[in-house]
$ cat structure-v5.tsv   # TSV, C-alpha atoms and all ligand atoms
chain	number	residue	atom	x	y	z
H	591	GLY	CA	28.05	-11.18	5.57
H	592	LEU	CA	25.35	-11.80	3.00
H	593	ARG	CA	23.63	-8.71	1.65
H	594	LYS	CA	19.88	-8.84	1.88
H	595	LYS	CA	18.01	-8.90	-1.40
H	596	GLU	CA	16.82	-5.40	-2.33
H	597	VAL	CA	13.14	-4.97	-3.17
H	598	ASN	CA	11.61	-1.73	-4.48
H	599	VAL	CA	8.02	-1.30	-3.30
H	600	LEU	CA	5.59	1.28	-4.60
H	601	CYS	CA	2.96	2.30	-2.03
H	602	LEU	CA	-0.20	3.61	-3.72
H	603	GLY	CA	-3.80	4.44	-2.88
H	604	LEU	CA	-6.03	7.46	-2.43
H	605	ASP	CA	-5.09	10.32	-0.11
H	606	ASN	CA	-5.98	9.72	3.54
H	607	SER	CA	-6.08	5.92	3.11
H	608	GLY	CA	-3.19	5.44	5.56
H	609	LYS	CA	-0.16	4.70	3.35
H	610	THR	CA	2.34	6.77	5.32
H	611	THR	CA	0.97	5.48	8.64
H	612	ILE	CA	1.45	1.90	7.45
H	613	ILE	CA	4.99	2.47	6.17
H	614	ASN	CA	5.89	4.32	9.35
H	615	GLN	CA	4.78	1.32	11.44
H	616	LEU	CA	6.97	-1.00	9.40
H	617	LYS	CA	10.10	1.06	10.07
H	618	PRO	CA	12.34	0.39	13.08
H	619	SER	CA	10.82	2.12	16.10
H	620	ASN	CA	13.81	4.45	16.56
H	621	THR	CA	13.27	5.90	13.08
H	622	GLN	CA	9.47	6.21	13.23
H	623	ALA	CA	7.91	9.64	12.85
H	624	GLN	CA	5.82	10.80	15.80
H	625	GLU	CA	3.41	12.71	13.62
H	626	ILE	CA	2.13	11.79	10.16
H	627	VAL	CA	1.28	14.57	7.74
H	628	PRO	CA	-0.25	14.34	4.23
H	629	THR	CA	2.51	13.41	1.81
H	630	ILE	CA	3.64	16.03	-0.70
H	631	GLY	CA	4.85	14.32	-3.88
H	632	PHE	CA	6.44	11.25	-2.34
H	633	ASN	CA	8.82	10.04	0.36
H	634	ILE	CA	11.42	7.30	0.15
H	635	GLU	CA	11.59	5.01	3.18
H	636	LYS	CA	13.71	1.97	3.96
H	637	PHE	CA	13.16	-0.96	6.26
H	638	LYS	CA	14.30	-4.57	6.50
H	639	SER	CA	12.49	-7.82	7.10
H	640	SER	CA	14.28	-10.98	8.17
H	641	SER	CA	15.60	-11.66	4.68
H	642	LEU	CA	14.90	-8.59	2.54
H	643	SER	CA	15.82	-4.94	2.36
H	644	PHE	CA	12.84	-2.84	1.23
H	645	THR	CA	12.96	0.58	-0.38
H	646	VAL	CA	9.47	2.03	-0.38
H	647	PHE	CA	8.25	4.88	-2.54
H	648	ASP	CA	5.43	6.26	-0.39
H	649	MET	CA	3.47	8.28	-2.94
H	650	SER	CA	0.98	11.05	-2.25
H	651	GLY	CA	-2.57	9.96	-3.04
H	652	GLN	CA	-3.87	13.48	-3.64
H	653	SER	CA	-5.33	13.77	-7.14
H	654	ARG	CA	-2.89	16.50	-8.14
H	655	TYR	CA	0.06	14.17	-7.43
H	656	ARG	CA	-1.32	10.89	-8.80
H	657	ASN	CA	0.32	11.55	-12.18
H	658	LEU	CA	3.65	10.97	-10.43
H	659	TRP	CA	2.82	7.32	-9.74
H	660	GLU	CA	3.51	6.01	-13.24
H	661	HIS	CA	7.08	7.27	-13.28
H	662	TYR	CA	7.99	4.60	-10.72
H	663	TYR	CA	6.19	1.60	-12.26
H	664	LYS	CA	9.18	0.37	-14.27
H	665	GLU	CA	11.56	0.03	-11.35
H	666	SER	CA	9.13	-1.39	-8.81
H	667	HIS	CA	9.22	-5.06	-7.80
H	668	ALA	CA	6.01	-5.00	-5.74
H	669	ILE	CA	3.01	-2.78	-5.07
H	670	ILE	CA	1.26	-2.05	-1.79
H	671	PHE	CA	-2.19	-0.60	-2.50
H	672	VAL	CA	-3.99	0.90	0.49
H	673	ILE	CA	-7.76	1.39	0.77
H	674	ASP	CA	-9.68	3.29	3.47
H	675	SER	CA	-12.32	0.65	4.34
H	676	GLY	CA	-14.53	3.35	5.83
H	677	ASP	CA	-14.56	5.56	2.73
H	678	LYS	CA	-17.53	4.06	0.85
H	679	LEU	CA	-18.06	7.20	-1.20
H	680	ARG	CA	-14.62	7.06	-2.77
H	681	MET	CA	-14.41	3.29	-3.29
H	682	VAL	CA	-15.24	3.82	-6.98
H	683	VAL	CA	-12.41	6.34	-7.24
H	684	ALA	CA	-10.04	3.84	-5.64
H	685	LYS	CA	-11.21	1.22	-8.16
H	686	GLU	CA	-10.65	3.63	-11.06
H	687	GLU	CA	-7.11	4.34	-9.90
H	688	LEU	CA	-6.43	0.64	-9.39
H	689	ASP	CA	-7.75	-0.24	-12.86
H	690	THR	CA	-5.65	2.52	-14.44
H	691	LEU	CA	-2.61	1.16	-12.62
H	692	LEU	CA	-3.21	-2.45	-13.64
H	693	ASN	CA	-3.81	-1.49	-17.27
H	694	HIS	CA	-0.69	0.66	-17.53
H	695	GLU	CA	1.80	-0.69	-20.07
H	696	ASP	CA	4.62	-0.78	-17.51
H	697	ILE	CA	2.54	-2.86	-15.06
H	698	ARG	CA	0.24	-4.91	-17.30
H	699	CYS	CA	2.97	-7.26	-18.50
H	700	LYS	CA	4.75	-7.66	-15.15
H	701	LYS	CA	3.90	-10.49	-12.75
H	702	ILE	CA	4.70	-8.40	-9.69
H	703	PRO	CA	2.92	-9.10	-6.38
H	704	VAL	CA	0.24	-6.66	-5.26
H	705	LEU	CA	-0.52	-6.44	-1.54
H	706	PHE	CA	-3.78	-4.72	-0.59
H	707	PHE	CA	-4.42	-3.31	2.84
H	708	ALA	CA	-8.13	-2.82	3.64
H	709	ASN	CA	-7.11	-0.25	6.23
H	710	LYS	CA	-9.01	1.54	9.03
H	711	ILE	CA	-11.02	-1.56	9.96
H	712	ASP	CA	-11.41	0.00	13.40
H	713	LEU	CA	-13.86	2.57	12.01
H	714	ARG	CA	-17.41	1.79	13.10
H	715	ASP	CA	-18.81	1.58	9.55
H	716	ALA	CA	-15.75	0.03	7.91
H	717	MET	CA	-16.36	-2.53	5.18
H	718	SER	CA	-14.87	-6.00	5.61
H	719	SER	CA	-11.84	-6.94	3.55
H	720	VAL	CA	-14.08	-9.38	1.64
H	721	LYS	CA	-16.43	-6.52	0.75
H	722	VAL	CA	-13.54	-4.25	-0.25
H	723	SER	CA	-12.16	-7.07	-2.39
H	724	GLN	CA	-15.56	-7.45	-4.10
H	725	MET	CA	-15.95	-3.72	-4.70
H	726	LEU	CA	-12.51	-3.55	-6.33
H	727	CYS	CA	-13.16	-6.77	-8.33
H	728	LEU	CA	-9.87	-8.22	-7.17
H	729	GLU	CA	-10.84	-11.71	-8.34
H	730	ASN	CA	-10.37	-10.36	-11.89
H	731	ILE	CA	-6.62	-10.03	-11.30
H	732	LYS	CA	-5.38	-13.23	-12.90
H	733	ASP	CA	-1.86	-12.37	-14.03
H	734	LYS	CA	-0.34	-11.26	-10.73
H	735	PRO	CA	-0.18	-12.73	-7.26
H	736	TRP	CA	-2.27	-10.59	-4.92
H	737	HIS	CA	-3.37	-10.69	-1.32
H	738	ILE	CA	-5.63	-8.52	0.83
H	739	CYS	CA	-5.21	-7.93	4.56
H	740	ALA	CA	-7.50	-6.06	6.90
H	741	SER	CA	-5.45	-3.55	8.89
H	742	ASN	CA	-5.50	-0.95	11.59
H	743	ALA	CA	-2.36	1.03	10.86
H	744	ILE	CA	-2.62	3.11	14.00
H	745	LYS	CA	-2.38	0.02	16.19
H	746	GLY	CA	-0.18	-1.80	13.68
H	747	GLU	CA	-2.64	-4.68	13.34
H	748	GLY	CA	-2.59	-6.77	10.16
H	749	LEU	CA	0.60	-5.22	8.81
H	750	GLN	CA	2.97	-8.06	9.63
H	751	GLU	CA	0.65	-10.61	8.01
H	752	GLY	CA	0.78	-8.57	4.81
H	753	LEU	CA	4.53	-8.12	4.93
H	754	ASP	CA	5.04	-11.86	5.53
H	755	TRP	CA	3.00	-12.64	2.41
H	756	LEU	CA	4.96	-10.09	0.36
H	757	GLN	CA	8.30	-11.36	1.62
H	758	GLY	CA	7.30	-14.90	0.66
H	759	LYS	CA	7.06	-13.81	-2.98
H	760	PHE	CA	10.79	-13.02	-3.01
H	761	LEU	CA	12.21	-16.05	-1.20
Y	1	LIG	P1	-1.58	10.95	1.55
Y	1	LIG	O1	-0.14	11.06	1.95
Y	1	LIG	O2	-2.28	12.27	1.55
Y	1	LIG	O3	-1.78	10.22	0.26
Y	1	LIG	O4	-2.34	10.07	2.70
Y	1	LIG	P2	-1.88	8.67	3.32
Y	1	LIG	O5	-2.52	7.58	2.55
Y	1	LIG	O6	-0.41	8.61	3.48
Y	1	LIG	O7	-2.60	8.68	4.75
Y	1	LIG	P3	-1.92	8.96	6.18
Y	1	LIG	O8	-1.03	7.83	6.56
Y	1	LIG	O9	-1.36	10.32	6.20
Y	1	LIG	O10	-3.20	8.84	7.13
Y	1	LIG	C1	-4.33	9.69	6.96
Y	1	LIG	C2	-5.10	9.75	8.26
Y	1	LIG	O11	-5.70	8.48	8.56
Y	1	LIG	C3	-4.25	10.09	9.48
Y	1	LIG	O12	-4.99	10.94	10.32
Y	1	LIG	C4	-4.04	8.74	10.15
Y	1	LIG	O13	-3.84	8.84	11.54
Y	1	LIG	C5	-5.36	8.06	9.85
Y	1	LIG	N1	-5.25	6.58	9.84
Y	1	LIG	C6	-4.32	5.83	9.20
Y	1	LIG	N2	-4.54	4.52	9.39
Y	1	LIG	C7	-5.65	4.42	10.17
Y	1	LIG	C8	-6.40	3.32	10.72
Y	1	LIG	O14	-6.10	2.13	10.53
Y	1	LIG	N3	-7.50	3.65	11.45
Y	1	LIG	C9	-7.87	4.93	11.68
Y	1	LIG	N4	-8.96	5.14	12.44
Y	1	LIG	N5	-7.20	5.99	11.19
Y	1	LIG	C10	-6.10	5.75	10.45
Y	2	MG	MG	1.12	9.83	2.89

$ encode --input "structure-v5.tsv" --output "structure tokens" --more "lines below"
Ligand code: GTP
Ligand code: MG
Amino acid sequence: GLRKKEVNVLCLGLDNSGKTTIINQLKPSNTQAQEIVPTIGFNIEKFKSSSLSFTVFDMSGQSRYRNLWEHYYKESHAIIFVIDSGDKLRMVVAKEELDTLLNHEDIRCKKIPVLFFANKIDLRDAMSSVKVSQMLCLENIKDKPWHICASNAIKGEGLQEGLDWLQGKFL
């Protein structure tokens, strides 16, 4: 039959934002991990949507590993950037990392879609996705399609909406 189109996705964001939890939820339930641990370096995960075959580079967000991110910019077709909506203190750090990413020579010139998850919206003092979007100045991104979804990765809420948007960019 027809092979599904292959899409390489780079999953980025600060440590503890929920990247691995999100990717785990998107995998078929029989391959999901029962326990999520902080990522060391990165993990490669695969899952399919109705029309696409995704290969995800789930990077560690710990500062000591963030220098690994740029090695995967060239081969990525899309970026998922995850933010902990409850982590007000580190929102400026998330913005710094996002700006560094968007200004990188291997990303700057590419019109690749960027999907943001404003994750952990279940936390009592979580910021809204509109607020997160304002704090990260997302409206300044003019040269790439982007979209932000509020999510609760533990319950799996908001993830499908994001994936549907991303898939639409490749159809
Ligand atoms: P690194 O691999 O260190 O970069 O972290 P990560 O971004 O992969 O985060 P990870 O998925 O390991 O999740 C970090 C912690 O946040 C775990 O304890 C998760 O259970 C928790 N977590 C993830 N998503 C949510 C969410 O939507 N709500 C809440 N309350 N906790 C979450
Ligand atoms: Mg992780």

$ residues_near_ligand --input "structure-v5.tsv" --ligand "ligand MG 2 (chain Y)" --cutoff "6 Å" --atoms "only C-alpha atoms and all ligand atoms" --output "list in words"
Lys609, Thr610, Pro628, Thr629 and Ser650 of chain H

$ atom_distance --input "structure-v5.tsv" --atom1 "atom N1 of ligand LIG 1 (chain Y)" --atom2 "CA of Trp659 (chain H)"
21.2 Å

$ atom_distance --input "structure-v5.tsv" --atom1 "CA of Glu695 (chain H)" --atom2 "CA of Leu753 (chain H)"
26.2 Å

$ residues_around --input "structure-v5.tsv" --residues "Glu635 (chain H)" --least-positions-apart "5" --cutoff "8 Å" --atoms "all atoms listed in the file" --output "VMD selection string"
chain H and resid 613 645 to 648

$ residues_near_ligand --input "structure-v5.tsv" --ligand "ligand LIG 1 (chain Y)" --cutoff "7 Å" --atoms "only C-alpha atoms and all ligand atoms" --output "PDB file with C-alpha atoms, keeping the file's coordinate frame"
ATOM      1  CA  GLY H 603      -3.800   4.440  -2.880  1.00  0.00           C
ATOM      2  CA  LEU H 604      -6.030   7.460  -2.430  1.00  0.00           C
ATOM      3  CA  ASP H 605      -5.090  10.320  -0.110  1.00  0.00           C
ATOM      4  CA  ASN H 606      -5.980   9.720   3.540  1.00  0.00           C
ATOM      5  CA  SER H 607      -6.080   5.920   3.110  1.00  0.00           C
ATOM      6  CA  GLY H 608      -3.190   5.440   5.560  1.00  0.00           C
ATOM      7  CA  LYS H 609      -0.160   4.700   3.350  1.00  0.00           C
ATOM      8  CA  THR H 610       2.340   6.770   5.320  1.00  0.00           C
ATOM      9  CA  THR H 611       0.970   5.480   8.640  1.00  0.00           C
ATOM     10  CA  ILE H 612       1.450   1.900   7.450  1.00  0.00           C
ATOM     11  CA  ILE H 626       2.130  11.790  10.160  1.00  0.00           C
ATOM     12  CA  VAL H 627       1.280  14.570   7.740  1.00  0.00           C
ATOM     13  CA  PRO H 628      -0.250  14.340   4.230  1.00  0.00           C
ATOM     14  CA  THR H 629       2.510  13.410   1.810  1.00  0.00           C
ATOM     15  CA  ILE H 630       3.640  16.030  -0.700  1.00  0.00           C
ATOM     16  CA  MET H 649       3.470   8.280  -2.940  1.00  0.00           C
ATOM     17  CA  SER H 650       0.980  11.050  -2.250  1.00  0.00           C
ATOM     18  CA  GLY H 651      -2.570   9.960  -3.040  1.00  0.00           C
ATOM     19  CA  GLN H 652      -3.870  13.480  -3.640  1.00  0.00           C
ATOM     20  CA  ASN H 709      -7.110  -0.250   6.230  1.00  0.00           C
ATOM     21  CA  LYS H 710      -9.010   1.540   9.030  1.00  0.00           C
ATOM     22  CA  ILE H 711     -11.020  -1.560   9.960  1.00  0.00           C
ATOM     23  CA  ASP H 712     -11.410   0.000  13.400  1.00  0.00           C
ATOM     24  CA  LEU H 713     -13.860   2.570  12.010  1.00  0.00           C
ATOM     25  CA  SER H 741      -5.450  -3.550   8.890  1.00  0.00           C
ATOM     26  CA  ASN H 742      -5.500  -0.950  11.590  1.00  0.00           C
ATOM     27  CA  ALA H 743      -2.360   1.030  10.860  1.00  0.00           C
ATOM     28  CA  ILE H 744      -2.620   3.110  14.000  1.00  0.00           C
TER      29      ILE H 744
END

$ closest_residue --input "structure-v5.tsv" --among "H:Ala716, H:Met725, H:Met681, H:Leu600" --to "Ser666 (chain H)" --atoms "only C-alpha atoms"
H:Leu600

$ residues_near_point --input "structure-v5.tsv" --point "(-0.7, -15.6, -15.1)" --cutoff "12 Å" --atoms "all atoms listed in the file" --output "list in words"
Arg698, Cys699, Lys700, Lys701, Ile702, Pro703, Asn730, Ile731, Lys732, Asp733, Lys734, Pro735 and Trp736 of chain H

$ atom_distance --input "structure-v5.tsv" --atom1 "CA of Ser639 (chain H)" --atom2 "CA of Gln757 (chain H)"
7.8 Å

$ residues_around --input "structure-v5.tsv" --residues "Asp689 (chain H)" --least-positions-apart "4" --cutoff "10 Å" --atoms "all atoms listed in the file" --output "list of chain:residue names"
H:Val683, H:Ala684, H:Lys685, H:Asn693, H:His694, H:Leu726, H:Cys727, H:Ile731
